[in-house]
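Q: This one is input-v7.cif, mmCIF, C-alpha atoms and all ligand atoms.
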```
data_start
loop_
_atom_site.label_atom_id
_atom_site.label_comp_id
_atom_site.auth_asym_id
_atom_site.auth_seq_id
_atom_site.Cartn_x
_atom_site.Cartn_y
_atom_site.Cartn_z
CA MET X 1 0.00 0.00 0.00
CA ARG X 2 1.35 3.47 -0.85
CA VAL X 3 1.48 5.90 2.05
CA TYR X 4 0.96 9.65 2.12
CA ASN X 5 4.51 10.92 2.53
CA PHE X 6 4.78 14.39 4.09
CA SER X 7 8.58 14.41 3.90
CA ALA X 8 10.32 17.73 3.22
CA GLY X 9 12.43 15.96 0.62
CA PRO X 10 13.01 13.69 -1.16
CA ALA X 11 9.27 13.74 -1.47
CA MET X 12 6.34 12.12 -3.25
CA LEU X 13 6.25 11.89 -7.03
CA PRO X 14 2.98 11.75 -9.01
CA GLU X 15 1.76 8.16 -9.25
CA GLU X 16 1.25 8.55 -13.01
CA VAL X 17 4.92 9.46 -13.35
CA LEU X 18 6.09 6.44 -11.35
CA LYS X 19 3.83 4.13 -13.36
CA ARG X 20 5.09 5.49 -16.66
CA ALA X 21 8.69 5.13 -15.46
CA ALA X 22 7.90 1.55 -14.42
CA ASP X 23 6.42 0.80 -17.85
CA GLU X 24 9.53 2.17 -19.51
CA MET X 25 12.00 0.71 -17.05
CA LEU X 26 13.18 -2.24 -19.13
CA GLU X 27 12.84 -0.64 -22.52
CA TYR X 28 12.48 3.03 -23.37
CA GLY X 29 10.57 3.28 -26.65
CA THR X 30 12.20 0.88 -29.08
CA SER X 31 15.72 1.56 -27.80
CA GLY X 32 16.13 -1.91 -26.29
CA GLN X 33 17.38 -0.42 -23.01
CA SER X 34 16.45 1.50 -19.89
CA VAL X 35 17.11 5.26 -19.87
CA MET X 36 19.44 4.50 -16.96
CA GLU X 37 21.64 2.40 -19.24
CA MET X 38 21.86 4.85 -22.13
CA SER X 39 25.03 6.66 -23.11
CA HIS X 40 24.50 10.35 -22.49
CA ARG X 41 26.15 10.86 -25.89
CA SER X 42 23.57 8.72 -27.70
CA LYS X 43 20.99 10.08 -30.13
CA GLU X 44 18.19 8.65 -27.98
CA TYR X 45 19.41 10.42 -24.86
CA GLN X 46 20.05 13.71 -26.67
CA ALA X 47 16.41 13.64 -27.76
CA ILE X 48 15.33 13.13 -24.13
CA ILE X 49 17.40 15.98 -22.64
CA ASP X 50 16.39 18.33 -25.48
CA SER X 51 12.72 17.63 -24.91
CA VAL X 52 13.03 18.05 -21.13
CA GLU X 53 14.67 21.44 -21.59
CA ALA X 54 12.00 22.46 -24.09
CA GLY X 55 9.34 21.23 -21.65
CA LEU X 56 10.75 23.26 -18.77
CA ARG X 57 11.03 26.33 -20.98
CA GLU X 58 7.40 25.92 -22.01
CA VAL X 59 5.99 25.21 -18.53
CA MET X 60 7.91 28.07 -16.86
CA SER X 61 7.79 30.43 -19.88
CA ILE X 62 11.56 30.87 -19.68
CA PRO X 63 12.71 33.73 -21.95
CA ASP X 64 15.23 32.98 -24.74
CA ASN X 65 18.01 34.94 -23.08
CA TYR X 66 18.19 32.42 -20.22
CA LYS X 67 20.12 29.15 -20.16
CA VAL X 68 18.79 26.04 -18.48
CA LEU X 69 21.49 23.91 -16.84
CA PHE X 70 21.08 20.37 -15.53
CA LEU X 71 23.72 19.92 -12.84
CA GLN X 72 24.55 17.83 -9.79
CA GLY X 73 25.64 18.66 -6.26
CA GLY X 74 22.28 19.84 -4.92
CA ALA X 75 21.17 23.34 -4.05
CA SER X 76 23.97 23.29 -1.47
CA SER X 77 26.65 23.36 -4.20
CA GLN X 78 24.95 26.42 -5.65
CA PHE X 79 25.67 28.25 -2.41
CA ALA X 80 29.33 28.28 -3.60
CA MET X 81 28.81 28.18 -7.36
CA ILE X 82 26.75 31.37 -7.38
CA PRO X 83 29.35 33.63 -5.68
CA LEU X 84 32.20 32.03 -7.65
CA ASN X 85 30.44 32.99 -10.89
CA LEU X 86 28.56 36.15 -9.97
CA MET X 87 30.62 37.96 -7.32
CA ASN X 88 32.99 39.19 -9.96
CA LYS X 89 32.61 42.97 -10.23
CA ASN X 90 32.45 44.53 -6.79
CA HIS X 91 32.81 41.33 -4.78
CA LYS X 92 29.70 42.11 -2.74
CA ALA X 93 26.24 40.60 -2.41
CA ASP X 94 23.04 41.26 -0.42
CA PHE X 95 21.17 38.57 1.53
CA VAL X 96 17.85 38.22 3.31
CA ILE X 97 18.12 35.65 6.12
CA THR X 98 14.78 33.88 6.32
CA GLY X 99 15.98 30.52 7.56
CA GLN X 100 18.66 27.91 7.62
CA TRP X 101 19.05 27.56 3.85
CA ALA X 102 19.24 31.31 3.31
CA ASN X 103 21.82 31.45 6.07
CA LYS X 104 23.90 28.68 4.54
CA ALA X 105 23.88 30.52 1.20
CA TYR X 106 25.04 33.64 3.05
CA GLN X 107 27.79 31.87 4.99
CA GLU X 108 29.19 30.09 1.96
CA ALA X 109 29.18 33.28 -0.15
CA SER X 110 30.97 35.09 2.69
CA ARG X 111 34.05 32.99 1.86
CA TYR X 112 34.29 34.74 -1.53
CA GLY X 113 33.32 38.33 -0.92
CA LYS X 114 31.57 40.84 1.30
CA CYS X 115 28.06 39.75 2.20
CA ASN X 116 25.56 42.20 3.54
CA VAL X 117 22.49 41.13 5.56
CA ILE X 118 19.52 43.28 4.51
CA ALA X 119 17.11 41.75 7.01
CA SER X 120 16.63 38.63 9.11
CA SER X 121 13.71 36.94 10.87
CA LYS X 122 15.90 34.95 13.23
CA ASP X 123 14.47 36.81 16.26
CA LYS X 124 11.23 34.81 15.97
CA THR X 125 12.61 31.47 14.75
CA PHE X 126 12.14 32.57 11.13
CA SER X 127 8.35 32.44 11.45
CA TYR X 128 7.81 35.45 9.17
CA ILE X 129 9.26 37.24 6.14
CA PRO X 130 10.91 40.48 7.31
CA GLU X 131 10.09 43.87 5.83
CA LEU X 132 12.86 45.05 3.54
CA ASP X 133 14.20 48.57 3.83
CA LYS X 134 15.17 49.51 0.29
CA SER X 135 17.66 52.11 1.48
CA LYS X 136 19.80 49.23 2.78
CA PHE X 137 20.08 47.60 -0.65
CA ASP X 138 23.55 48.04 -2.08
CA PRO X 139 23.27 49.27 -5.70
CA GLU X 140 26.80 47.95 -6.26
CA ALA X 141 26.08 44.42 -5.07
CA ASP X 142 26.88 41.74 -7.65
CA TYR X 143 23.64 39.98 -6.73
CA PHE X 144 20.80 39.93 -4.21
CA HIS X 145 19.93 36.51 -2.75
CA ILE X 146 16.62 35.25 -1.36
CA CYS X 147 15.26 31.85 -0.43
CA TYR X 148 11.81 32.03 -2.04
CA ASN X 149 10.15 29.33 0.05
CA ASN X 150 11.58 28.42 3.43
CA THR X 151 11.25 24.67 3.63
CA ILE X 152 12.01 24.31 7.33
CA TYR X 153 9.97 27.23 8.69
CA GLY X 154 7.05 27.25 6.25
CA THR X 155 7.26 30.84 5.03
CA ARG X 156 7.39 32.28 1.52
CA PHE X 157 7.97 35.56 -0.23
CA ASN X 158 4.85 37.09 -1.74
CA GLU X 159 6.50 40.25 -2.96
CA LEU X 160 9.87 40.24 -4.64
CA PRO X 161 12.47 42.80 -3.56
CA GLU X 162 12.94 45.46 -6.21
CA THR X 163 16.64 45.25 -6.83
CA GLY X 164 16.87 47.38 -9.97
CA ASP X 165 19.96 46.44 -11.98
CA VAL X 166 21.25 44.11 -9.28
CA PRO X 167 20.45 40.52 -10.36
CA LEU X 168 17.95 38.80 -8.06
CA VAL X 169 19.00 35.23 -7.23
CA ALA X 170 16.45 32.83 -5.75
CA ASP X 171 16.68 29.42 -4.15
CA MET X 172 13.43 27.81 -5.32
CA SER X 173 14.25 24.27 -4.23
CA SER X 174 10.99 23.78 -2.37
CA CYS X 175 8.56 25.77 -4.57
CA ILE X 176 9.73 25.55 -8.18
CA LEU X 177 6.89 24.43 -10.49
CA SER X 178 4.30 25.03 -7.75
CA GLU X 179 2.95 28.25 -9.32
CA PRO X 180 3.77 30.57 -12.23
CA VAL X 181 6.79 32.86 -11.73
CA ASP X 182 8.02 35.66 -13.96
CA VAL X 183 11.50 34.35 -14.76
CA SER X 184 12.52 37.69 -16.28
CA LYS X 185 12.50 39.23 -12.77
CA PHE X 186 15.43 36.99 -11.78
CA GLY X 187 19.07 36.82 -12.75
CA LEU X 188 19.30 33.24 -11.56
CA ILE X 189 16.90 30.63 -10.20
CA TYR X 190 18.14 27.35 -8.74
CA ALA X 191 16.56 24.27 -7.25
CA GLY X 192 17.46 20.80 -6.08
CA ALA X 193 15.04 18.46 -7.84
CA GLN X 194 13.99 16.26 -4.94
CA LYS X 195 11.02 18.34 -3.75
CA ASN X 196 8.96 19.26 -6.79
CA MET X 197 10.85 18.11 -9.87
CA GLY X 198 12.04 14.54 -9.57
CA PRO X 199 14.53 12.35 -7.76
CA ALA X 200 17.51 13.59 -5.75
CA GLY X 201 20.72 14.04 -7.72
CA LEU X 202 19.56 16.63 -10.23
CA THR X 203 19.95 20.37 -9.69
CA VAL X 204 18.37 22.83 -12.11
CA VAL X 205 19.83 26.29 -12.72
CA ILE X 206 18.07 28.90 -14.86
CA ILE X 207 20.48 31.74 -15.51
CA ARG X 208 20.38 34.94 -17.58
CA GLU X 209 23.01 34.69 -20.31
CA ASP X 210 24.86 37.89 -19.44
CA LEU X 211 25.70 36.45 -16.01
CA ILE X 212 27.67 33.59 -17.57
CA GLY X 213 31.36 33.80 -18.45
CA ASN X 214 32.91 35.92 -15.69
CA ALA X 215 33.74 33.32 -13.06
CA MET X 216 36.55 34.01 -10.62
CA GLU X 217 39.95 32.69 -11.70
CA MET X 218 40.03 30.07 -8.94
CA THR X 219 36.64 28.58 -9.89
CA PRO X 220 36.84 24.79 -10.29
CA THR X 221 35.99 23.79 -13.86
CA MET X 222 32.92 21.85 -12.71
CA PHE X 223 31.67 24.95 -10.83
CA ASN X 224 31.85 27.23 -13.85
CA TYR X 225 28.42 27.93 -15.40
CA LYS X 226 30.08 28.66 -18.74
CA ILE X 227 31.50 25.15 -19.03
CA HIS X 228 28.03 23.67 -18.55
CA ALA X 229 26.27 26.24 -20.74
CA ASP X 230 28.75 25.78 -23.61
CA ASN X 231 28.39 22.01 -23.43
CA GLY X 232 24.61 21.75 -23.16
CA SER X 233 24.91 20.29 -19.62
CA MET X 234 27.06 17.51 -21.13
CA TYR X 235 30.54 18.58 -20.10
CA ASN X 236 30.54 15.43 -18.05
CA THR X 237 27.84 12.82 -17.46
CA PRO X 238 24.69 14.62 -16.36
CA PRO X 239 22.21 12.95 -13.96
CA THR X 240 20.55 11.22 -16.91
CA TYR X 241 17.74 9.37 -15.17
CA GLY X 242 16.73 12.30 -12.98
CA ILE X 243 16.45 14.49 -16.06
CA TYR X 244 14.21 11.89 -17.71
CA ILE X 245 11.92 11.77 -14.63
CA LEU X 246 11.74 15.58 -14.64
CA GLY X 247 10.49 15.24 -18.21
CA LEU X 248 7.68 12.96 -17.04
CA VAL X 249 6.81 15.37 -14.21
CA LEU X 250 6.66 18.25 -16.70
CA GLY X 251 4.37 16.16 -18.90
CA TRP X 252 2.08 15.59 -15.90
CA ILE X 253 1.97 19.34 -15.19
CA LYS X 254 1.31 20.22 -18.84
CA GLU X 255 -1.50 17.71 -19.04
CA MET X 256 -3.31 19.19 -16.03
CA GLY X 257 -3.12 22.69 -17.54
CA GLY X 258 0.29 24.05 -16.56
CA LEU X 259 1.42 26.10 -13.58
CA THR X 260 -1.75 28.19 -13.35
CA GLU X 261 -3.70 25.02 -12.68
CA MET X 262 -0.93 23.68 -10.43
CA GLU X 263 -1.16 26.82 -8.30
CA LYS X 264 -4.96 26.50 -8.06
CA ARG X 265 -4.60 22.93 -6.87
CA ASN X 266 -1.90 23.84 -4.37
CA LYS X 267 -4.04 26.63 -2.89
CA ARG X 268 -7.08 24.40 -2.73
CA LYS X 269 -4.97 21.71 -1.08
CA ALA X 270 -3.32 23.88 1.61
CA GLU X 271 -6.56 25.64 2.56
CA PRO X 272 -8.27 22.87 4.60
CA LEU X 273 -5.08 22.27 6.60
CA TYR X 274 -4.53 25.92 7.50
CA SER X 275 -8.19 26.49 8.22
CA PHE X 276 -8.28 23.46 10.53
CA LEU X 277 -5.13 24.70 12.29
CA ASP X 278 -6.73 28.12 12.81
CA SER X 279 -9.79 26.60 14.47
CA SER X 280 -8.10 23.81 16.41
CA LYS X 281 -7.94 23.75 20.21
CA LEU X 282 -4.88 21.52 20.17
CA PHE X 283 -2.80 22.31 17.10
CA LYS X 284 -1.38 25.66 16.15
CA ALA X 285 0.32 26.81 12.95
CA THR X 286 3.71 28.43 13.59
CA VAL X 287 3.31 30.91 10.71
CA GLN X 288 0.53 33.48 10.42
CA GLY X 289 -1.05 35.38 7.56
CA LYS X 290 0.29 36.07 4.13
CA ASP X 291 3.77 34.63 4.74
CA ARG X 292 2.40 31.09 4.91
CA SER X 293 3.93 28.61 2.49
CA LEU X 294 1.72 26.49 0.26
CA MET X 295 4.35 23.75 0.29
CA ASN X 296 5.52 23.31 3.91
CA VAL X 297 3.13 23.65 6.84
CA PRO X 298 4.74 23.51 10.31
CA PHE X 299 2.51 23.17 13.38
CA VAL X 300 2.80 22.33 17.07
CA THR X 301 0.67 21.23 20.00
CA GLY X 302 2.90 23.03 22.48
CA ASN X 303 3.54 19.74 24.28
CA GLU X 304 6.53 17.69 23.14
CA GLU X 305 5.11 14.40 24.36
CA LEU X 306 1.86 14.95 22.49
CA ASP X 307 3.83 15.93 19.38
CA ALA X 308 5.76 12.66 19.53
CA LYS X 309 2.57 10.68 20.10
CA PHE X 310 0.97 12.38 17.12
CA VAL X 311 3.93 11.63 14.84
CA SER X 312 3.97 8.00 15.84
CA GLU X 313 0.20 7.47 15.54
CA ALA X 314 0.10 9.31 12.21
CA LYS X 315 2.73 6.93 10.89
CA LYS X 316 0.59 3.94 11.86
CA ALA X 317 -2.26 5.54 9.92
CA GLY X 318 -0.12 5.76 6.76
CA LEU X 319 0.75 9.47 7.15
CA ILE X 320 4.53 9.37 7.30
CA ASN X 321 7.46 11.75 7.82
CA ILE X 322 5.42 14.41 9.56
CA LYS X 323 7.93 15.17 12.31
CA GLY X 324 9.04 18.80 12.28
CA HIS X 325 12.60 19.98 11.75
CA ARG X 326 14.68 19.73 14.91
CA THR X 327 15.08 23.52 15.06
CA VAL X 328 11.29 24.15 15.13
CA GLY X 329 10.04 21.00 16.84
CA GLY X 330 6.48 19.80 16.49
CA MET X 331 5.26 18.72 13.09
CA ARG X 332 5.63 19.76 9.49
CA ALA X 333 3.45 18.62 6.63
CA SER X 334 5.22 19.09 3.31
CA ILE X 335 2.53 19.09 0.68
CA TYR X 336 4.39 19.52 -2.58
CA ASN X 337 2.83 19.28 -6.05
CA ALA X 338 2.59 15.48 -5.99
CA MET X 339 0.77 15.24 -2.64
CA PRO X 340 -2.82 14.51 -3.62
CA TYR X 341 -5.72 16.49 -2.14
CA GLU X 342 -6.88 13.26 -0.47
CA GLY X 343 -3.59 13.11 1.45
CA VAL X 344 -4.35 16.44 3.13
CA GLU X 345 -7.97 15.41 3.71
CA LYS X 346 -6.77 12.24 5.45
CA LEU X 347 -4.32 14.25 7.53
CA VAL X 348 -6.95 16.77 8.67
CA GLU X 349 -9.36 13.96 9.48
CA PHE X 350 -6.65 12.27 11.53
CA MET X 351 -5.80 15.51 13.36
CA ARG X 352 -9.44 16.05 14.20
CA LYS X 353 -9.67 12.57 15.67
CA PHE X 354 -6.41 12.99 17.58
CA GLU X 355 -7.64 16.27 18.98
CA ALA X 356 -10.92 14.74 20.14
CA GLU X 357 -9.02 11.97 21.93
CA ASN X 358 -6.37 14.16 23.50
CA VAL X 359 -7.93 17.44 24.61
C1 LIG O 401 16.27 21.11 0.40
C2 LIG O 401 16.75 22.49 0.25
C3 LIG O 401 18.10 22.80 0.08
C4 LIG O 401 19.18 21.75 0.10
O1 LIG O 401 19.17 21.02 -1.06
P1 LIG O 401 20.27 19.92 -1.39
O2 LIG O 401 19.84 19.50 -2.76
O3 LIG O 401 20.13 18.84 -0.35
O4 LIG O 401 21.60 20.56 -1.36
C5 LIG O 401 18.45 24.11 -0.11
N1 LIG O 401 17.53 25.08 -0.13
C6 LIG O 401 16.22 24.83 0.07
C7 LIG O 401 15.24 25.96 0.03
C8 LIG O 401 15.79 23.52 0.25
O5 LIG O 401 14.49 23.28 0.43
#
```
Let me see the structure of the file written as C-alpha cells.
A:
Amino acid sequence: MRVYNFSAGPAMLPEEVLKRAADEMLEYGTSGQSVMEMSHRSKEYQAIIDSVEAGLREVMSIPDNYKVLFLQGGASSQFAMIPLNLMNKNHKADFVITGQWANKAYQEASRYGKCNVIASSKDKTFSYIPELDKSKFDPEADYFHICYNNTIYGTRFNELPETGDVPLVADMSSCILSEPVDVSKFGLIYAGAQKNMGPAGLTVVIIREDLIGNAMEMTPTMFNYKIHADNGSMYNTPPTYGIYILGLVLGWIKEMGGLTEMEKRNKRKAEPLYSFLDSSKLFKATVQGKDRSLMNVPFVTGNEELDAKFVSEAKKAGLINIKGHRTVGGMRASIYNAMPYEGVEKLVEFMRKFEAENV
C-alpha cells in the first residue's frame, strides 16, 4: 500500500509518473534499453534531454536569453557556485536571512566576498518574512539573494524585492513548479530536484546569459556555469535518469493545464489544513497570515510528548514523515505538487480525531 509521505524531501512523485517510469524501465521506446543504461552521448538520450529542456522552458515560460542547466551537487553546491560565478565585479552581495538555507547561502558566499544582511527573521525562529528597507540595498552588489520558500519554517515571499539592476537570485528548491513565476525578474533561479521536480541528484539552474562567463579565476571547472552552458549540460555525465523523470513530471503538469492550474490545486490543497489549524484547540500553525507557504506547513501542539505521540500514531495511519525539523520542533506537513488532495484530507481527518481523543 502506498502511504501519504509528508517528507520535506526527497518527497512524493505523481503516481502517473512512477507508473510510466515503471512501464519504460526495461525498454524506453524501441531503444532496447532503460534510460538508466543509455550513453549520455547517444541520439536517444540527446532527444530526451532536449525535450526536457523544451518542456521546462514551455511550462515556466523561460525567456530565450536564459540558459537552463542540468547539474549535480544539490542546491547546497549552488551556495558556492553562485558567488564564484557572480561575485565578480564589486565582490559584494546582499542577503535576506529567512531561515537555515538562506543562512547557509550567506555563509558560503561570505568565503568569496563581502556579504551584507539586509534583514533577518531569526528573532522569531524565522516564522515570518521580514520587511525590507530599500535604502539598505547596495546598488553595487553583484547579486541579491533570497530563499523564495523556506522549507524548514514554512514561510514564503509574496513580494519580490525590487533590486533594480542588481540581479535577483532565488533558491526555489521547495517551490519551483508550484505556481507561475516571472522568470525575467530573476538573474538566476536554482533548485534541487527532490522536492517538486524529480529524484535527488539533479539540480536545475536557470540563468540569464549575461551572467555567464565571468567566473573568478580560482573557480573549479565543474563549478563554472560557462562550461556547462557551452556544453549543453554535457561537459561530463549529467544525472541522466533524474532528467528523464523531470520530463515525465513536466508532462504531468502540462497535461493538467500548466502552472496556473498547479497553483490553483496547491491553494485548494493547503486551505483545509490551514483552516483546521486556525480553528483547532490543540494544534497551532507556527506561521501566520500572508507569509504562509503552500508547500511546507509547520505546526505544534505546544507539548513535546503529544507531538511525539501524534507523529507515531500518524505513521501507523499511513501518514509518514510528519515530524518537524529539529530547530522548530512539532510537526511539518510538506505538501508539494505530488501530494494529492486526499492526502491532506486524510491528515486533517486524523488531526481532528487525535484532537478529540487528546484534549
Ligand atoms: C532542500 C533544500 C536545500 C538543500 O538542497 P540539497 O539539494 O540537499 O543541497 C536548499 N535550499 C532549500 C530551500 C531547500 O528546500
Q: Nearest to Phe6 of chain X: which of X:Met197, X:Met331, X:Val166, X:Leu86 is it, counting all atoms listed in the file?
A: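 Comparing X:Met197, X:Met331, X:Val166, X:Leu86 against Phe6 of chain X, the winner is X:Met331.
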Q: Contacts of segment 346-351 of chain X at 8 Å or less, counting only C-alpha atoms, minus same-chain residues fewer than 3 places along, as a count of residues only?
A: 9
Q: Would you mind telling me which residue in X:Ala21, X:Met339, X:Val328, X:Val169 lies nearest to Val300 of chain X when using all atoms listed in the file?
A: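 Selected residue with least distance to Val300 of chain X: X:Val328.
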Q: With a distance cut-off of 8 Å and all atoms listed in the file, select the neighbouring residues of Leu202 of chain X, excluding the residue or stretch itself and same-chain residues fewer than 5 positions from it, and output the selection as a list in words.
A: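 Once the adjacent positions are removed, what remains is Phe70, Leu71, Gln72, Gly73, Gly74, Gly192, Ala193, Gln194, Pro239, Gly242 and Ile243 of chain X.
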Q: Can you list every residue of chain X that has an atom at most 6 Å from ligand LIG 401 (chain O), with its nearest atom pair and the distance in Å to one decimal, using only C-alpha atoms and all ligand atoms, ordered by chain then number, as CSV?
A:
```
residue,atom,partner,partner_atom,distance
X:Gly74,CA,O:LIG401,O2,3.3
X:Ala75,CA,O:LIG401,O4,3.9
X:Ser76,CA,O:LIG401,O4,3.6
X:Trp101,CA,O:LIG401,N1,4.9
X:Cys147,CA,O:LIG401,C7,5.9
X:Asn150,CA,O:LIG401,C7,5.6
X:Thr151,CA,O:LIG401,O5,4.8
X:Asp171,CA,O:LIG401,C7,5.6
X:Met172,CA,O:LIG401,C7,5.9
X:Ser173,CA,O:LIG401,C7,4.7
X:Ser174,CA,O:LIG401,O5,4.5
X:Gly192,CA,O:LIG401,O2,4.3
```
Q: Could you tell me which of X:Ser39, X:Thr327, X:Asn321, X:Ser77 comes closest to Phe223 of chain X if we count all atoms listed in the file?
A: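 Counting all atoms listed in the file, the residue closest to Phe223 of chain X is X:Ser77.
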Q: Quick one: residues within 10 Å of Lys114 of chain X, all atoms listed in the file counted, chain neighbours fewer than 4 positions away excluded, as a ChimeraX atom specification?
A: /X:87,90-94,106,109-110,141
Q: Need the shell around Ala333 of chain X: protein/DNA/RNA residues with any atom at most 12 Å away, counting only C-alpha atoms. Skip same-chain ones fewer than 6 positions apart. Format as JSON, numbers by chain?
A: {"X": [4, 5, 6, 7, 8, 9, 11, 151, 152, 153, 154, 269, 270, 273, 274, 277, 285, 293, 294, 295, 296, 297, 298, 299, 300, 311, 314, 319, 320, 321, 322, 323, 324, 325, 339, 343, 344, 347, 348, 351]}
Q: Within 10 Å of Leu306 of chain X, counting all atoms listed in the file, which residues qualify if same-chain residues fewer than 3 places away don't, as a ChimeraX atom specification?
A: /X:282,300-303,309-312,330,354,358
Q: Would you save the residues of that selection, restricted to C-alpha atoms, as a compact mmCIF listing (two decimals), keeping the file's coordinate frame?
A:
```txt
# COMPACT_ATOMS: atom_id res chain seq x y z
CA LEU X 282 -4.88 21.52 20.17
CA VAL X 300 2.80 22.33 17.07
CA THR X 301 0.67 21.23 20.00
CA GLY X 302 2.90 23.03 22.48
CA ASN X 303 3.54 19.74 24.28
CA LYS X 309 2.57 10.68 20.10
CA PHE X 310 0.97 12.38 17.12
CA VAL X 311 3.93 11.63 14.84
CA SER X 312 3.97 8.00 15.84
CA GLY X 330 6.48 19.80 16.49
CA PHE X 354 -6.41 12.99 17.58
CA ASN X 358 -6.37 14.16 23.50
```
Q: Could you work out how far atom CA of Ile189 of chain X lies from atom CA of Lys124 of chain X, giving the answer in Å with one decimal?
A: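 Atom-to-atom, atom CA of Lys124 of chain X and atom CA of Ile189 of chain X are spaced 27.1 Å apart.
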Q: Quick one: distance from atom CA of Asp142 of chain X to atom CA of Thr163 of chain X in Å, one decimal?
A: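 These atoms are spaced 10.9 Å apart.
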Q: So, with all atoms listed in the file as the atoms that count, which of X:Val204, X:Pro130, X:Leu69, X:Glu16 lies closest to Asp230 of chain X?
A: X:Leu69
Q: I'd like the interatomic distance between atom CA of Glu27 of chain X and atom CA of His228 of chain X, to a tenth of an Å.
A: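 Interatomic distance here is 28.9 Å.
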Q: Of the candidates X:Leu250, X:Leu188, X:Glu159, X:Ile176, which shows the shortest atom-to-atom distance to Val52 of chain X, using only C-alpha atoms?
A: X:Leu250
Q: Would you place a box with edges along x, y and z of the file around all atoms of segment 100-104 of chain X listed there, add 3 Å to each of its six sides, and report the centre and edge lengths in Å to one decimal, as lines of an AutoDock Vina configuration file?
A:
```
center_x = 21.3
center_y = 29.5
center_z = 5.5
size_x = 11.2
size_y = 9.9
size_z = 10.3
```
Q: Can you tell me, as a PyMOL selection string, which residues sit within 8 Å of (15.0, 7.1, -25.2) in the file's frame, using only C-alpha atoms?
A: chain X and resi 28-31+34-35+38+44-45+47-48
